[in-house]
Amino acid sequence: MLGRSRAAVSALVAPLIAALALVPFRTTFPSNDAALVLVAVVVAVAAQGDRIAGLIAAVSATVWLDFFLIHPWFTLSITGAEDRWTVILLLVIGAAVSELAIRGRRQRERAQAAHGRLDLLHDAGMAIGASLDVERTAQELARVAVPRFADFVTVDLAVFVLRGEEPAVHGTEMRRVAVAGIRDDHPFHPVGELVTTAVSAPRARSLLRSGRARIEPDLRASTAWRSLVLDHAGPVLGYGIHSLITAPLRARGVPLGVVSFWRAGGAEPFEVRDLSDAEELAAKAAVAIDNARRYTRERATALALQRSLLPQRLPRQTAVEVAFRYLPAGSQAGVGGDWFDVIPLSGSRVALIVGDVVGHGINASATMGRLRTAVRTLADVDLPPDELLTHLDDLVIRLTGDEQTGTAEGDVAAAGELGATCLYAVYDPVSRRCALASAGHPLPALRTPDGAVESVSGFVGPPLGLGGLPFETTELTLPASSVLALYSDGLVKSRERDFDEGLDTLLDALAVRTPSLDAACDTVIQRLVTDRPADDVALLLARTRVLASDRVAIWDIPADPSLVERTRKVAVEQLDQWGLTDATFTTELLVSELVTNAIRYGDSPIQLRLIRDATLICEVSDASSTAPHLRRARVYDEGGRGLLLVSQLSQSWGTRHATVGKTIWCEQKLPTG
C-alpha cells in the first residue's frame with residue numbers, strides 16, 4: 001500500500017517538475033516538443049509497473065502542459081485548435097505508451113519467471129540422483145527446492161524404500177528423511193521420525209495413488225491438507241506458514257512417499273501454475289529414489305552373498321593369533337570380490353590367504369566364493385604355496401573359458417574380464433618358517449618383535465588367469481611375536497593417494513604400539529580408510545607363535561625293520577613324559593604302521609616327529625615322493641590294511657609333499673583328565 005502511494009505521488013510530481021523546467025523556454029520551445037518531453041516522463045513513470053500511476057502521470061502531464069506551456073499561461077483554457085490536439089495527443093499517447101510499458105514489463109517478468117523455473121528444473125536434474133543413496137537423494141530434492149521454489153520442504157518415504165525392499169502389500173509406514181528450510185527453528189517433525197497415521201487417511205492414500213500434486217493456497221481457510229502431511233497443524237500455522245503443495249513420489253506405478261513444499265511469511269502463496277513445477281520436481285526425485293532403492297536391494301543381496309562366502313568365524317589354531325577387518329566398498333560400483341581366509345594345516349601349521357577378484361557386484365562375489373572354496377580344497381591337499389597358486393591359476397582359466405562359452409557374442413569381452421590376485425602364506429610354528437607365494441597380489445608387511453616394520457620383499461607372480469608363467473615361493477624365518485599384515489590393495493590405494501604412499505602409511509600405522517591385535521587393526525583402518533572406500537578393504541593381521549621345544553620330539557629312523565620296536569618304545573617314553581599315558585596303545589599302533597610303511601616303501605632318510613599341541617600329532621617323513629593310497633584289503637590279502645588302520649584309529653590323517661619326499665601324518669585327540 002505504501003509503495004502504491006509513493007508511485008501515485010511520483011506520477012503527479014514528475015510531470016510537474018518537467019513542466020517547470022521548460023517554463024524558461026516556453027516562448028522559444030514549441031508546445032509540440034514540450035509534449036514529447038512529457039511523454040518521455042510518463043513512459044518513465046509507467047515503466048515502474050503500476051498501471052494507475054501511469055494513467056495519473058498521463059493526466060498530470062496533460063494538465064501541466066496546458067497550465068504552464070500553452071498560452072495563455074497559468075490557465076487551463078486552450079485557445080488554438082493546434083494546442084487542443086497537442087493536449088489530446090499527449091493524453092492518449094501517454095496512456096497508450098504507459099499501458100505498453102506496463103505490459104512489456106510484465107512479459108519480461110513472466111519470461112524471467114519461466115527462465116527461473118527452467119533453471120530450477122535443470123539444476124534439480126543435475127543435483128537429484130547424484131548418488132545411489134535413498135536418503136541422500138531425498139535431501140538433494142529438499143536442498144534444490146529451497147529457497148527458489150519453497151521456504152520449507154519435507155520429504156517422507158515409505159519404510160520399504162529405505163530398506164531396499166519391494167512395495168509392502170498391507171499398509172505403508174512413512175519415515176521423515178529430509179527437512180530443509182530458510183530457517184532452522186522450523187515446526188516440522190525431525191528427520192528419522194516414523195509416523196503411520198497420516199498414511200492411513202483416505203486423502204493420503206488417494207494422493208499416493210493419483211500421482212498428481214495438490215495445492216492449498218491458504219492453509220487457514222482449509223482443513224483438508226491436514227490429512228496429507230505428517231506434521232501437526234497448530235505449530236505449522238503458528239509459525240506463519242500459509243501455503244502448501246503436496247506431491248506424491250511415484251515410480252513405475254509404485255508410491256514411494258510424499259514431498260511437501262511450504263511457503264511462509266511474506267512469500268507469495270502458491271498458484272495453480274506452480275503445480276507443474278512441483279510435479280516435475282517430484283517426478284525427477286521419484287525416479288532417482290527408485291533407482292537408489294533398487295541399488296540398495298541389489299547391494300544388500302551382494303553383501304549377504306559376500307558375507308555368506310567369507311569366514312563367519314576364524315578356526316581355532318595355535319600357530320598364530322589373528323585379527324581382521326573387512327569393509328565392503330561404498331562406491332556405486334557395488335561390493336567387490338576381496339576375501340581372506342585362515343586354514344589350519346597339518347603339523348600345527350596354518351595357511352593365511354588374502355585375495356581380490358576383478359570387478360564388483362554379485363558376479364565378483366560369486367567368483368570370490370568359487371576361488372575361496374578352491375583354495376580350501378587345495379589347502380587340504382597340503383600343496384606348497386607356488387603349486388597351489390598354479391592349480392588356482394588353471395581353475396581361473398577354465399572358469400574364464402566357461403564364461404566365454406556360455407556368453408553371447410557381444411558380451412564375450414565382459415566375460416573375459418574374469419581375473420583375480422591371491423597371496424598364499426603357510427607358517428610353521430615348529431620351525432618358525434613362513435613360505436608364501438603371490439599371484440599379482442601385494443606382499444605382506446612385517447613387524448618384528450623389536451618394533452621394526454618393513455614390507456616383505458620377494459617374487460610377485462602374474463595375476464591368476466593369465467597362465468603359462470610360473471609362481472615362486474618366498475621363505476622367511478620369523479621370530480615369535482612377529483606380526484604379518486596381509487591386505488588387499490583397496491586398503492592402501494585410493495583416489496587420493498597412490499600405492500607407495502598408502503604402503504608408507506600402512507607401515508607407519510603398524511609401527512604404533514597397541515595393547516592388542518584388534519587395536520592394531522583399528523589403528524590401521526583409521527589411518528587409511530575413508531568413510532566410504534571406493535574398493536573393498538581386507539586386512540588380516542597374524543602374530544606368530546612358536547611351539548616350545550619340549551612339545552616337539554624328533555627321531556631319525558634307520559631303514560631297518562628290526563628297529564621298529566625300538567621306535568615304538570621311544571615314542572611311548574615321550575608320551576609318558578608328556579603325561580599322555582592313556583594314548584600309549586593307539587600311538588604305538590600308529591607309529592608302528594607309519595614307520596614300517598616308510599621303511600618298506602620309502603627311501604632314506606626317515607624321520608619320526610611327535611607334536612603335542614591341541615591334538616597329538618604323529619608324522620613320519622621319508623625321501624620318496626610316492627603317495628600312499630587307502631584301499632580296502634580282501635580277506636586273503638597279506639597287505640593293504642596299514643593305512644586303513646591309521647584312518648580308523650586317528651581323528652584325521654593325510655599326506656603332504658615337500659621339495660624332496662613326503663610326510664604322512666595323523667592326529668589324535670588328547671586324552672581328557
# chains A, B, ... in the order shown; residues from 1 in each chain; ligands from 1
>>> residues_around(residues="Gly451 (chain A)", least_positions_apart="3", cutoff="12 Å", atoms="only C-alpha atoms", output="ChimeraX atom specification")
/A:446-448,454,481-483,507-514
>>> write_last_selection(atoms="all heavy atoms", output="mmCIF file, in the first residue's frame")
data_model
loop_
_atom_site.group_PDB
_atom_site.id
_atom_site.type_symbol
_atom_site.label_atom_id
_atom_site.label_comp_id
_atom_site.auth_asym_id
_atom_site.auth_seq_id
_atom_site.Cartn_x
_atom_site.Cartn_y
_atom_site.Cartn_z
ATOM 1 N N LEU A 446 55.593 -56.647 7.521
ATOM 2 C CA LEU A 446 56.084 -57.415 8.667
ATOM 3 C C LEU A 446 56.565 -56.471 9.758
ATOM 4 O O LEU A 446 57.338 -55.539 9.491
ATOM 5 C CB LEU A 446 57.234 -58.330 8.228
ATOM 6 C CG LEU A 446 57.971 -59.081 9.345
ATOM 7 C CD1 LEU A 446 57.032 -60.062 10.042
ATOM 8 C CD2 LEU A 446 59.195 -59.808 8.783
ATOM 9 N N ARG A 447 56.089 -56.734 10.973
ATOM 10 C CA ARG A 447 56.612 -56.020 12.144
ATOM 11 C C ARG A 447 57.274 -57.045 13.051
ATOM 12 O O ARG A 447 56.639 -58.000 13.503
ATOM 13 C CB ARG A 447 55.487 -55.301 12.900
ATOM 14 C CG ARG A 447 56.026 -54.410 14.037
ATOM 15 C CD ARG A 447 54.901 -53.761 14.813
ATOM 16 N NE ARG A 447 54.233 -54.720 15.678
ATOM 17 C CZ ARG A 447 53.072 -54.494 16.285
ATOM 18 N NH1 ARG A 447 52.436 -53.351 16.084
ATOM 19 N NH2 ARG A 447 52.522 -55.408 17.055
ATOM 20 N N THR A 448 58.544 -56.845 13.309
ATOM 21 C CA THR A 448 59.292 -57.764 14.159
ATOM 22 C C THR A 448 59.087 -57.407 15.629
ATOM 23 O O THR A 448 58.610 -56.304 15.944
ATOM 24 C CB THR A 448 60.779 -57.710 13.797
ATOM 25 O OG1 THR A 448 61.241 -56.356 13.918
ATOM 26 C CG2 THR A 448 61.002 -58.181 12.367
ATOM 27 N N GLU A 454 58.648 -53.386 8.018
ATOM 28 C CA GLU A 454 59.095 -53.357 6.630
ATOM 29 C C GLU A 454 58.105 -54.127 5.773
ATOM 30 O O GLU A 454 57.288 -54.907 6.277
ATOM 31 C CB GLU A 454 60.485 -53.982 6.492
ATOM 32 C CG GLU A 454 60.529 -55.461 6.877
ATOM 33 C CD GLU A 454 61.904 -56.065 6.703
ATOM 34 O OE1 GLU A 454 62.786 -55.364 6.188
ATOM 35 O OE2 GLU A 454 62.077 -57.239 7.086
ATOM 36 N N SER A 481 56.189 -63.741 18.021
ATOM 37 C CA SER A 481 55.515 -62.446 18.200
ATOM 38 C C SER A 481 55.759 -61.481 17.050
ATOM 39 O O SER A 481 55.523 -60.272 17.182
ATOM 40 C CB SER A 481 55.917 -61.782 19.525
ATOM 41 O OG SER A 481 55.543 -62.589 20.618
ATOM 42 N N SER A 482 56.214 -61.995 15.923
ATOM 43 C CA SER A 482 56.230 -61.169 14.716
ATOM 44 C C SER A 482 54.799 -61.010 14.213
ATOM 45 O O SER A 482 53.957 -61.892 14.391
ATOM 46 C CB SER A 482 57.093 -61.815 13.635
ATOM 47 O OG SER A 482 58.433 -61.950 14.059
ATOM 48 N N VAL A 483 54.508 -59.863 13.552
ATOM 49 C CA VAL A 483 53.164 -59.595 13.042
ATOM 50 C C VAL A 483 53.231 -59.494 11.527
ATOM 51 O O VAL A 483 53.939 -58.643 10.980
ATOM 52 C CB VAL A 483 52.574 -58.301 13.634
ATOM 53 C CG1 VAL A 483 51.217 -57.994 12.996
ATOM 54 C CG2 VAL A 483 52.419 -58.431 15.143
ATOM 55 N N LEU A 507 52.766 -48.926 6.917
ATOM 56 C CA LEU A 507 53.930 -49.272 7.744
ATOM 57 C C LEU A 507 53.990 -48.386 8.987
ATOM 58 O O LEU A 507 54.308 -48.862 10.083
ATOM 59 C CB LEU A 507 55.210 -49.135 6.918
ATOM 60 C CG LEU A 507 55.329 -50.086 5.708
ATOM 61 C CD1 LEU A 507 56.630 -49.823 4.959
ATOM 62 C CD2 LEU A 507 55.247 -51.533 6.142
ATOM 63 N N ASP A 508 53.684 -47.100 8.820
ATOM 64 C CA ASP A 508 53.668 -46.196 9.981
ATOM 65 C C ASP A 508 52.600 -46.621 10.985
ATOM 66 O O ASP A 508 52.823 -46.574 12.205
ATOM 67 C CB ASP A 508 53.414 -44.755 9.523
ATOM 68 C CG ASP A 508 54.572 -44.183 8.723
ATOM 69 O OD1 ASP A 508 55.691 -44.739 8.830
ATOM 70 O OD2 ASP A 508 54.364 -43.215 7.979
ATOM 71 N N ALA A 509 51.434 -47.030 10.484
ATOM 72 C CA ALA A 509 50.360 -47.449 11.389
ATOM 73 C C ALA A 509 50.718 -48.738 12.118
ATOM 74 O O ALA A 509 50.404 -48.905 13.305
ATOM 75 C CB ALA A 509 49.059 -47.626 10.603
ATOM 76 N N LEU A 510 51.395 -49.664 11.428
ATOM 77 C CA LEU A 510 51.794 -50.915 12.076
ATOM 78 C C LEU A 510 52.854 -50.689 13.134
ATOM 79 O O LEU A 510 52.979 -51.466 14.093
ATOM 80 C CB LEU A 510 52.316 -51.902 11.031
ATOM 81 C CG LEU A 510 51.273 -52.532 10.099
ATOM 82 C CD1 LEU A 510 51.958 -53.379 9.044
ATOM 83 C CD2 LEU A 510 50.292 -53.381 10.895
ATOM 84 N N ALA A 511 53.630 -49.635 12.986
ATOM 85 C CA ALA A 511 54.695 -49.353 13.949
ATOM 86 C C ALA A 511 54.153 -48.833 15.281
ATOM 87 O O ALA A 511 54.873 -48.827 16.283
ATOM 88 C CB ALA A 511 55.676 -48.347 13.366
ATOM 89 N N VAL A 512 52.886 -48.416 15.302
ATOM 90 C CA VAL A 512 52.293 -47.883 16.530
ATOM 91 C C VAL A 512 52.070 -49.021 17.520
ATOM 92 O O VAL A 512 51.496 -50.063 17.179
ATOM 93 C CB VAL A 512 50.960 -47.165 16.217
ATOM 94 C CG1 VAL A 512 50.292 -46.694 17.503
ATOM 95 C CG2 VAL A 512 51.195 -46.001 15.271
ATOM 96 N N ARG A 513 52.525 -48.834 18.743
ATOM 97 C CA ARG A 513 52.317 -49.835 19.791
ATOM 98 C C ARG A 513 50.864 -49.831 20.228
ATOM 99 O O ARG A 513 50.303 -48.794 20.561
ATOM 100 C CB ARG A 513 53.221 -49.542 20.986
ATOM 101 C CG ARG A 513 54.702 -49.710 20.693
ATOM 102 C CD ARG A 513 55.056 -51.177 20.538
ATOM 103 N NE ARG A 513 56.497 -51.390 20.343
ATOM 104 C CZ ARG A 513 57.060 -52.569 20.172
ATOM 105 N NH1 ARG A 513 56.301 -53.654 20.176
ATOM 106 N NH2 ARG A 513 58.363 -52.678 19.994
ATOM 107 N N THR A 514 50.236 -50.991 20.220
ATOM 108 C CA THR A 514 48.840 -51.113 20.622
ATOM 109 C C THR A 514 48.708 -52.245 21.637
ATOM 110 O O THR A 514 49.523 -53.177 21.656
ATOM 111 C CB THR A 514 47.945 -51.413 19.405
ATOM 112 O OG1 THR A 514 48.439 -52.578 18.732
ATOM 113 C CG2 THR A 514 47.945 -50.239 18.432
#
>>> residues_around(residues="Val646 (chain A)", least_positions_apart="4", cutoff="10 Å", atoms="only C-alpha atoms", output="VMD selection string")
chain A and resid 586 to 587 589 to 591 593 to 594 630 641 to 642 650 to 654 665 to 667
>>> write_last_selection(atoms="N, CA, C and O atoms", output="PDB file, in the first residue's frame")
ATOM      1  N   THR A 586      47.199 -96.602  21.290  1.00  0.00           N
ATOM      2  CA  THR A 586      46.885 -96.138  19.933  1.00  0.00           C
ATOM      3  C   THR A 586      48.122 -95.591  19.246  1.00  0.00           C
ATOM      4  O   THR A 586      48.368 -95.861  18.057  1.00  0.00           O
ATOM      5  N   THR A 587      48.925 -94.822  19.986  1.00  0.00           N
ATOM      6  CA  THR A 587      50.110 -94.225  19.371  1.00  0.00           C
ATOM      7  C   THR A 587      51.106 -95.300  18.953  1.00  0.00           C
ATOM      8  O   THR A 587      51.750 -95.184  17.895  1.00  0.00           O
ATOM      9  N   LEU A 589      50.455 -98.296  17.875  1.00  0.00           N
ATOM     10  CA  LEU A 589      49.986 -98.869  16.617  1.00  0.00           C
ATOM     11  C   LEU A 589      50.236 -97.925  15.433  1.00  0.00           C
ATOM     12  O   LEU A 589      50.690 -98.343  14.364  1.00  0.00           O
ATOM     13  N   LEU A 590      49.928 -96.628  15.643  1.00  0.00           N
ATOM     14  CA  LEU A 590      50.112 -95.667  14.558  1.00  0.00           C
ATOM     15  C   LEU A 590      51.582 -95.536  14.178  1.00  0.00           C
ATOM     16  O   LEU A 590      51.934 -95.530  12.988  1.00  0.00           O
ATOM     17  N   VAL A 591      52.456 -95.414  15.181  1.00  0.00           N
ATOM     18  CA  VAL A 591      53.889 -95.283  14.902  1.00  0.00           C
ATOM     19  C   VAL A 591      54.398 -96.531  14.193  1.00  0.00           C
ATOM     20  O   VAL A 591      55.174 -96.455  13.222  1.00  0.00           O
ATOM     21  N   GLU A 593      52.766 -98.694  12.266  1.00  0.00           N
ATOM     22  CA  GLU A 593      52.302 -98.782  10.884  1.00  0.00           C
ATOM     23  C   GLU A 593      53.012 -97.769   9.992  1.00  0.00           C
ATOM     24  O   GLU A 593      53.467 -98.087   8.890  1.00  0.00           O
ATOM     25  N   LEU A 594      53.130 -96.511  10.450  1.00  0.00           N
ATOM     26  CA  LEU A 594      53.712 -95.465   9.602  1.00  0.00           C
ATOM     27  C   LEU A 594      55.211 -95.687   9.383  1.00  0.00           C
ATOM     28  O   LEU A 594      55.720 -95.517   8.268  1.00  0.00           O
ATOM     29  N   LEU A 630      44.796 -95.203   0.302  1.00  0.00           N
ATOM     30  CA  LEU A 630      43.958 -96.018   1.166  1.00  0.00           C
ATOM     31  C   LEU A 630      43.123 -96.963   0.308  1.00  0.00           C
ATOM     32  O   LEU A 630      42.478 -96.542  -0.655  1.00  0.00           O
ATOM     33  N   ARG A 641      46.304-103.120   4.793  1.00  0.00           N
ATOM     34  CA  ARG A 641      45.466-102.760   5.947  1.00  0.00           C
ATOM     35  C   ARG A 641      46.085-101.671   6.814  1.00  0.00           C
ATOM     36  O   ARG A 641      45.447-101.202   7.748  1.00  0.00           O
ATOM     37  N   GLY A 642      47.323-101.294   6.514  1.00  0.00           N
ATOM     38  CA  GLY A 642      48.008-100.343   7.387  1.00  0.00           C
ATOM     39  C   GLY A 642      47.342 -98.975   7.413  1.00  0.00           C
ATOM     40  O   GLY A 642      46.994 -98.450   8.481  1.00  0.00           O
ATOM     41  N   SER A 650      42.884 -92.759  14.062  1.00  0.00           N
ATOM     42  CA  SER A 650      43.197 -91.334  14.220  1.00  0.00           C
ATOM     43  C   SER A 650      41.973 -90.472  13.936  1.00  0.00           C
ATOM     44  O   SER A 650      41.005 -90.903  13.296  1.00  0.00           O
ATOM     45  N   GLN A 651      42.049 -89.274  14.417  1.00  0.00           N
ATOM     46  CA  GLN A 651      40.980 -88.300  14.167  1.00  0.00           C
ATOM     47  C   GLN A 651      41.006 -87.848  12.716  1.00  0.00           C
ATOM     48  O   GLN A 651      39.966 -87.659  12.087  1.00  0.00           O
ATOM     49  N   SER A 652      42.186 -87.628  12.161  1.00  0.00           N
ATOM     50  CA  SER A 652      42.368 -87.267  10.763  1.00  0.00           C
ATOM     51  C   SER A 652      43.773 -87.665  10.349  1.00  0.00           C
ATOM     52  O   SER A 652      44.674 -87.807  11.184  1.00  0.00           O
ATOM     53  N   TRP A 653      43.960 -87.840   9.053  1.00  0.00           N
ATOM     54  CA  TRP A 653      45.274 -88.196   8.561  1.00  0.00           C
ATOM     55  C   TRP A 653      45.416 -87.691   7.117  1.00  0.00           C
ATOM     56  O   TRP A 653      44.443 -87.287   6.479  1.00  0.00           O
ATOM     57  N   GLY A 654      46.655 -87.696   6.612  1.00  0.00           N
ATOM     58  CA  GLY A 654      46.871 -87.216   5.265  1.00  0.00           C
ATOM     59  C   GLY A 654      48.334 -87.276   4.887  1.00  0.00           C
ATOM     60  O   GLY A 654      49.190 -87.747   5.657  1.00  0.00           O
ATOM     61  N   TRP A 665      50.983 -88.008   8.013  1.00  0.00           N
ATOM     62  CA  TRP A 665      50.677 -87.526   9.358  1.00  0.00           C
ATOM     63  C   TRP A 665      49.309 -88.029   9.800  1.00  0.00           C
ATOM     64  O   TRP A 665      48.447 -88.367   8.973  1.00  0.00           O
ATOM     65  N   CYS A 666      49.121 -88.050  11.092  1.00  0.00           N
ATOM     66  CA  CYS A 666      47.813 -88.371  11.666  1.00  0.00           C
ATOM     67  C   CYS A 666      47.680 -87.641  12.998  1.00  0.00           C
ATOM     68  O   CYS A 666      48.672 -87.319  13.656  1.00  0.00           O
ATOM     69  N   GLU A 667      46.452 -87.377  13.388  1.00  0.00           N
ATOM     70  CA  GLU A 667      46.173 -86.633  14.617  1.00  0.00           C
ATOM     71  C   GLU A 667      45.239 -87.438  15.503  1.00  0.00           C
ATOM     72  O   GLU A 667      44.330 -88.115  15.022  1.00  0.00           O
TER      73      GLU A 667
END
>>> closest_residue(among="A:Leu89, A:Ala53, A:Ala40, A:Ala300", to="Leu12 (chain A)", atoms="only C-alpha atoms")
A:Ala53
>>> residues_around(residues="region 316-323 of chain A", least_positions_apart="6", cutoff="10 Å", atoms="only C-alpha atoms", output="ChimeraX atom specification")
/A:342-345,347-352,427-430,432,480-485,516-521,539-547,613-614
>>> residues_around(residues="region 130-136 of chain A", least_positions_apart="4", cutoff="8 Å", atoms="only C-alpha atoms", output="number ranges by chain")
A: 126, 140, 161-162, 177-178, 288-293, 295-296, 332
>>> write_last_selection(atoms="N, CA and C atoms", output="PDB file, in the first residue's frame")
ATOM      1  N   MET A 126      20.322 -32.018 -12.391  1.00  0.00           N
ATOM      2  CA  MET A 126      21.750 -32.218 -12.176  1.00  0.00           C
ATOM      3  C   MET A 126      22.054 -32.649 -10.740  1.00  0.00           C
ATOM      4  N   GLU A 140      18.788 -34.129  -1.365  1.00  0.00           N
ATOM      5  CA  GLU A 140      19.117 -33.310  -2.536  1.00  0.00           C
ATOM      6  C   GLU A 140      17.864 -32.627  -3.080  1.00  0.00           C
ATOM      7  N   VAL A 161      11.071 -48.534   1.121  1.00  0.00           N
ATOM      8  CA  VAL A 161      12.018 -47.885   0.212  1.00  0.00           C
ATOM      9  C   VAL A 161      13.385 -47.775   0.875  1.00  0.00           C
ATOM     10  N   LEU A 162      13.395 -47.381   2.137  1.00  0.00           N
ATOM     11  CA  LEU A 162      14.663 -47.219   2.854  1.00  0.00           C
ATOM     12  C   LEU A 162      15.372 -48.555   3.022  1.00  0.00           C
ATOM     13  N   VAL A 177      12.665 -38.289   6.104  1.00  0.00           N
ATOM     14  CA  VAL A 177      14.059 -38.495   5.715  1.00  0.00           C
ATOM     15  C   VAL A 177      14.760 -37.194   5.367  1.00  0.00           C
ATOM     16  N   ALA A 178      14.014 -36.104   5.150  1.00  0.00           N
ATOM     17  CA  ALA A 178      14.676 -34.847   4.780  1.00  0.00           C
ATOM     18  C   ALA A 178      13.808 -33.673   5.184  1.00  0.00           C
ATOM     19  N   ALA A 288      14.922 -41.095  -9.265  1.00  0.00           N
ATOM     20  CA  ALA A 288      16.224 -41.265  -8.615  1.00  0.00           C
ATOM     21  C   ALA A 288      16.107 -42.084  -7.336  1.00  0.00           C
ATOM     22  N   ILE A 289      15.047 -41.859  -6.560  1.00  0.00           N
ATOM     23  CA  ILE A 289      14.856 -42.615  -5.320  1.00  0.00           C
ATOM     24  C   ILE A 289      14.595 -44.082  -5.617  1.00  0.00           C
ATOM     25  N   ASP A 290      13.815 -44.357  -6.656  1.00  0.00           N
ATOM     26  CA  ASP A 290      13.545 -45.753  -7.003  1.00  0.00           C
ATOM     27  C   ASP A 290      14.814 -46.449  -7.479  1.00  0.00           C
ATOM     28  N   ASN A 291      15.631 -45.732  -8.258  1.00  0.00           N
ATOM     29  CA  ASN A 291      16.916 -46.313  -8.664  1.00  0.00           C
ATOM     30  C   ASN A 291      17.786 -46.607  -7.446  1.00  0.00           C
ATOM     31  N   ALA A 292      17.782 -45.659  -6.512  1.00  0.00           N
ATOM     32  CA  ALA A 292      18.569 -45.871  -5.294  1.00  0.00           C
ATOM     33  C   ALA A 292      18.019 -47.036  -4.481  1.00  0.00           C
ATOM     34  N   ARG A 293      16.680 -47.178  -4.454  1.00  0.00           N
ATOM     35  CA  ARG A 293      16.078 -48.305  -3.732  1.00  0.00           C
ATOM     36  C   ARG A 293      16.496 -49.632  -4.347  1.00  0.00           C
ATOM     37  N   TYR A 295      19.109 -50.162  -6.168  1.00  0.00           N
ATOM     38  CA  TYR A 295      20.538 -50.356  -5.909  1.00  0.00           C
ATOM     39  C   TYR A 295      20.765 -50.845  -4.485  1.00  0.00           C
ATOM     40  N   THR A 296      20.001 -50.277  -3.535  1.00  0.00           N
ATOM     41  CA  THR A 296      20.124 -50.709  -2.143  1.00  0.00           C
ATOM     42  C   THR A 296      19.787 -52.190  -2.013  1.00  0.00           C
ATOM     43  N   GLN A 332      29.359 -46.602  -5.985  1.00  0.00           N
ATOM     44  CA  GLN A 332      28.188 -47.026  -6.731  1.00  0.00           C
ATOM     45  C   GLN A 332      28.449 -48.316  -7.493  1.00  0.00           C
TER      46      GLN A 332
END
>>> select_by_dssp(residues="region 331-546 of chain A", states="alpha helix (DSSP H)", output="count of residues only")
72
>>> select_by_dssp(residues="region 411-583 of chain A", states="strand (DSSP E or B)", output="PyMOL selection string")
chain A and resi 420-428+433-440+445-447+453-455+460-461+464+474-477+483-487+537-544+552-557
